[in-house]
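Here's the structure, in structure tokens; my notes come after.
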Amino acid sequence: MKFYGEGLPGVKAPDLVGKLIVIEGADGSGRSTQIRLLTDWLEGRGLATVNVGLKRSNLVSAELENAMQGNVLSPITLSLFYATDFADQLENIIVPALKAGFVVVADRYIYTLMARDIVRGGNREWLESLYHIALIPDAVFYLDVFPRFLVERTFQKTANLDYWESGMDIRLSRDIFDSFMRYQRMMRSEFRQMAQKYHFEVVNGNRSPRLIANDLQKKVAQIVRMRGLEEE
């Protein structure tokens, strides 16, 4: 494995013998479902897995969640909060798991964090330097879903649109539905640019969960190099 930059002090990339698989996508893209299906599939074939994601750090996740409820965080404060959350998980969960040979399945990664900040006017170079400690994943799959489908799925699940996922903090529109559509189009455009720069795969997320899961399993089987799984 390799780091994007200098990496974590004292961590040698060749010692990380596991695999890091990242699933990216907006809320409502089916990301959580695919991570559950992929994890079950891997574990059913004898591979030890660990799941990580945003706002799961023991260090700051609770404080970050509480701070976001007030909808008053500045873009830089929010960036640094999330960067701390990521760094803590990288050091205390991801790296130890990879050293032990686990498959780490990440429910979003630094790409979501950077994309959110970039569409809010953040400096791209500063953000890239902020996440220079990140490991380069073995694979990144971005579930690309039309914004209109994201709205439908979100309403089916919660009947509400999230303040931050609608970009209400950057005042795209006073109407939360209109703001959501604009914000998700901006995020989708940024992810498609990132796909070229960071060499990850754009997956058609408008299909049924089973079809998507079958595609992901075939691709991951090649990455973990388990004999016979590619033909399943």
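Going by the structure tokens order, chains are called A, B, ..., each with residues numbered from 1, while ligands are numbered from 1 in the order shown.
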Point to revise | Within 10 Å of Tyr142 (chain A) using only C-alpha atoms, minus same-chain residues under 6 positions, as number ranges by chain | key: A: 22-26, 29, 31, 108, 111, 188, 191-192, 195, 200-205
Hey, could you make a per-residue contact list for region 130-226 of chain A against region 46-66 of chain A with 12 Å as the cut-off, showing the nearest pair of atoms and its distance in Å to one decimal, counting only C-alpha atoms, sorted by chain and number, as a Markdown table?
| residue | atom | partner | partner_atom | distance |
| --- | --- | --- | --- | --- |
| A:Trp164 | CA | A:Glu65 | CA | 11.9 |
| A:Val220 | CA | A:Leu47 | CA | 12.0 |
| A:Ala221 | CA | A:Leu47 | CA | 11.1 |
| A:Val224 | CA | A:Leu47 | CA | 9.3 |
| A:Arg225 | CA | A:Leu47 | CA | 11.4 |
| A:Met226 | CA | A:Leu47 | CA | 9.7 |
Filtering to N, CA and C atoms, could you give me those residues as a PDB file, in the first residue's frame?
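Saved the output as result-v7.pdb:
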ATOM      1  N   TRP A 164     -27.462  19.662   5.841  1.00  0.00           N
ATOM      2  CA  TRP A 164     -26.122  19.702   5.248  1.00  0.00           C
ATOM      3  C   TRP A 164     -26.092  19.026   3.879  1.00  0.00           C
ATOM      4  N   VAL A 220     -14.340  -6.911  -6.403  1.00  0.00           N
ATOM      5  CA  VAL A 220     -13.609  -7.083  -5.151  1.00  0.00           C
ATOM      6  C   VAL A 220     -12.932  -8.449  -5.099  1.00  0.00           C
ATOM      7  N   ALA A 221     -13.549  -9.454  -5.689  1.00  0.00           N
ATOM      8  CA  ALA A 221     -12.940 -10.781  -5.730  1.00  0.00           C
ATOM      9  C   ALA A 221     -11.584 -10.741  -6.422  1.00  0.00           C
ATOM     10  N   VAL A 224      -9.035  -8.986  -3.853  1.00  0.00           N
ATOM     11  CA  VAL A 224      -8.573  -9.810  -2.735  1.00  0.00           C
ATOM     12  C   VAL A 224      -7.943 -11.116  -3.212  1.00  0.00           C
ATOM     13  N   ARG A 225      -8.070 -11.368  -4.520  1.00  0.00           N
ATOM     14  CA  ARG A 225      -7.391 -12.504  -5.155  1.00  0.00           C
ATOM     15  C   ARG A 225      -7.754 -13.843  -4.509  1.00  0.00           C
ATOM     16  N   MET A 226      -9.036 -14.033  -4.366  1.00  0.00           N
ATOM     17  CA  MET A 226      -9.500 -15.316  -3.828  1.00  0.00           C
ATOM     18  C   MET A 226      -9.891 -16.218  -4.980  1.00  0.00           C
TER      19      MET A 226
END
Point to revise | Residue neighbourhood Lys219 (chain A), 10 Å, only C-alpha atoms, exclusion window fewer than 3 positions, as a ChimeraX atom specification | key: /A:139,141,213-216,222-225,229-230
Revision key, fill the gap. Of A:Gln34, A:Thr39, A:Thr158, A:Gln196, the one sitting nearest Val105 (chain A) when using only C-alpha atoms is A:Thr39
Point to revise | Exercise: Thr33 (chain A) partners within 9 Å, only C-alpha atoms, chain neighbours under 3 positions left out, as a PyMOL selection string | key: chain A and resi 30+36-38+209+213
Per DSSP on the backbone, filter region 95-205 of chain A down to the residues in helix (DSSP H, G or I) and report them as a PDB file with C-alpha atoms, in the first residue's frame.
ATOM      1  CA  VAL A  95      -3.918   0.843  10.072  1.00  0.00           C
ATOM      2  CA  PRO A  96      -4.086  -1.857  12.800  1.00  0.00           C
ATOM      3  CA  ALA A  97      -6.692  -3.784  10.795  1.00  0.00           C
ATOM      4  CA  LEU A  98      -4.589  -3.643   7.623  1.00  0.00           C
ATOM      5  CA  LYS A  99      -1.525  -4.769   9.545  1.00  0.00           C
ATOM      6  CA  ILE A 110     -11.526  11.508   2.115  1.00  0.00           C
ATOM      7  CA  TYR A 111     -13.158  12.072  -1.297  1.00  0.00           C
ATOM      8  CA  THR A 112     -16.527  12.958   0.206  1.00  0.00           C
ATOM      9  CA  LEU A 113     -14.823  15.221   2.726  1.00  0.00           C
ATOM     10  CA  MET A 114     -12.880  17.053   0.027  1.00  0.00           C
ATOM     11  CA  ALA A 115     -15.816  17.251  -2.396  1.00  0.00           C
ATOM     12  CA  ARG A 116     -18.076  18.771   0.259  1.00  0.00           C
ATOM     13  CA  ASP A 117     -15.504  21.446   1.016  1.00  0.00           C
ATOM     14  CA  ILE A 118     -14.656  22.167  -2.614  1.00  0.00           C
ATOM     15  CA  VAL A 119     -18.280  22.849  -3.578  1.00  0.00           C
ATOM     16  CA  ARG A 124      -8.329  22.254  -3.340  1.00  0.00           C
ATOM     17  CA  GLU A 125      -4.586  22.299  -2.621  1.00  0.00           C
ATOM     18  CA  TRP A 126      -5.132  22.962   1.084  1.00  0.00           C
ATOM     19  CA  LEU A 127      -7.581  20.079   1.306  1.00  0.00           C
ATOM     20  CA  GLU A 128      -5.223  17.715  -0.468  1.00  0.00           C
ATOM     21  CA  SER A 129      -2.448  18.647   1.960  1.00  0.00           C
ATOM     22  CA  LEU A 130      -4.841  18.159   4.878  1.00  0.00           C
ATOM     23  CA  PRO A 147     -30.391  13.513  -7.849  1.00  0.00           C
ATOM     24  CA  ARG A 148     -34.096  12.941  -8.519  1.00  0.00           C
ATOM     25  CA  PHE A 149     -33.706   9.320  -7.391  1.00  0.00           C
ATOM     26  CA  LEU A 150     -31.806  10.458  -4.295  1.00  0.00           C
ATOM     27  CA  VAL A 151     -34.792  12.620  -3.335  1.00  0.00           C
ATOM     28  CA  GLU A 152     -37.233   9.755  -3.802  1.00  0.00           C
ATOM     29  CA  ARG A 153     -35.152   7.327  -1.770  1.00  0.00           C
ATOM     30  CA  THR A 154     -34.529   9.857   0.990  1.00  0.00           C
ATOM     31  CA  PHE A 155     -38.234  10.614   1.364  1.00  0.00           C
ATOM     32  CA  GLN A 156     -39.035   6.905   1.428  1.00  0.00           C
ATOM     33  CA  LYS A 157     -36.535   6.421   4.240  1.00  0.00           C
ATOM     34  CA  MET A 168     -28.586  24.874   2.946  1.00  0.00           C
ATOM     35  CA  ASP A 169     -25.531  26.300   4.707  1.00  0.00           C
ATOM     36  CA  ILE A 170     -24.231  27.763   1.433  1.00  0.00           C
ATOM     37  CA  ILE A 176     -34.688  22.987   0.712  1.00  0.00           C
ATOM     38  CA  PHE A 177     -35.831  20.787  -2.179  1.00  0.00           C
ATOM     39  CA  ASP A 178     -34.371  23.137  -4.788  1.00  0.00           C
ATOM     40  CA  SER A 179     -31.198  23.526  -2.722  1.00  0.00           C
ATOM     41  CA  PHE A 180     -30.864  19.738  -2.434  1.00  0.00           C
ATOM     42  CA  MET A 181     -31.090  19.258  -6.189  1.00  0.00           C
ATOM     43  CA  ARG A 182     -28.532  21.988  -6.893  1.00  0.00           C
ATOM     44  CA  TYR A 183     -26.137  20.783  -4.216  1.00  0.00           C
ATOM     45  CA  GLN A 184     -26.284  17.143  -5.303  1.00  0.00           C
ATOM     46  CA  ARG A 185     -25.633  18.122  -8.916  1.00  0.00           C
ATOM     47  CA  MET A 186     -22.546  20.038  -7.767  1.00  0.00           C
ATOM     48  CA  MET A 187     -21.359  17.055  -5.716  1.00  0.00           C
ATOM     49  CA  ARG A 188     -21.969  14.665  -8.586  1.00  0.00           C
ATOM     50  CA  SER A 189     -19.942  16.851 -10.944  1.00  0.00           C
ATOM     51  CA  GLU A 190     -17.068  17.051  -8.457  1.00  0.00           C
ATOM     52  CA  PHE A 191     -17.046  13.284  -7.937  1.00  0.00           C
ATOM     53  CA  ARG A 192     -16.863  12.665 -11.651  1.00  0.00           C
ATOM     54  CA  GLN A 193     -13.788  14.894 -11.818  1.00  0.00           C
ATOM     55  CA  MET A 194     -12.278  13.113  -8.826  1.00  0.00           C
ATOM     56  CA  ALA A 195     -12.857   9.755 -10.484  1.00  0.00           C
ATOM     57  CA  GLN A 196     -10.372  10.692 -13.179  1.00  0.00           C
ATOM     58  CA  LYS A 197      -7.803  12.186 -10.833  1.00  0.00           C
ATOM     59  CA  TYR A 198      -7.911   9.492  -8.164  1.00  0.00           C
TER      60      TYR A 198
END
Taking 3 positions as the minimum chain separation for residues in the same chain, which residues sit within 6 Å of Leu20 (chain A) when counting only C-alpha atoms? Answer as a PDB file with N, CA and C atoms, in the first residue's frame.
ATOM      1  N   VAL A 103      -9.729  -7.032   5.628  1.00  0.00           N
ATOM      2  CA  VAL A 103     -10.286  -6.195   4.570  1.00  0.00           C
ATOM      3  C   VAL A 103     -11.055  -5.075   5.255  1.00  0.00           C
ATOM      4  N   VAL A 104     -10.643  -3.849   5.030  1.00  0.00           N
ATOM      5  CA  VAL A 104     -11.324  -2.688   5.607  1.00  0.00           C
ATOM      6  C   VAL A 104     -12.277  -2.140   4.555  1.00  0.00           C
ATOM      7  N   PRO A 137      -6.517   3.777  -1.325  1.00  0.00           N
ATOM      8  CA  PRO A 137      -7.279   2.522  -1.266  1.00  0.00           C
ATOM      9  C   PRO A 137      -6.915   1.567  -2.399  1.00  0.00           C
ATOM     10  N   ASP A 138      -7.204   0.300  -2.181  1.00  0.00           N
ATOM     11  CA  ASP A 138      -7.024  -0.686  -3.246  1.00  0.00           C
ATOM     12  C   ASP A 138      -8.105  -0.539  -4.301  1.00  0.00           C
TER      13      ASP A 138
END
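Using only C-alpha atoms, the shortest contact distance between His132 (chain A) and any of A:Leu78, A:Ala83, A:Leu42, A:Phe146 is found at A:Ala83.
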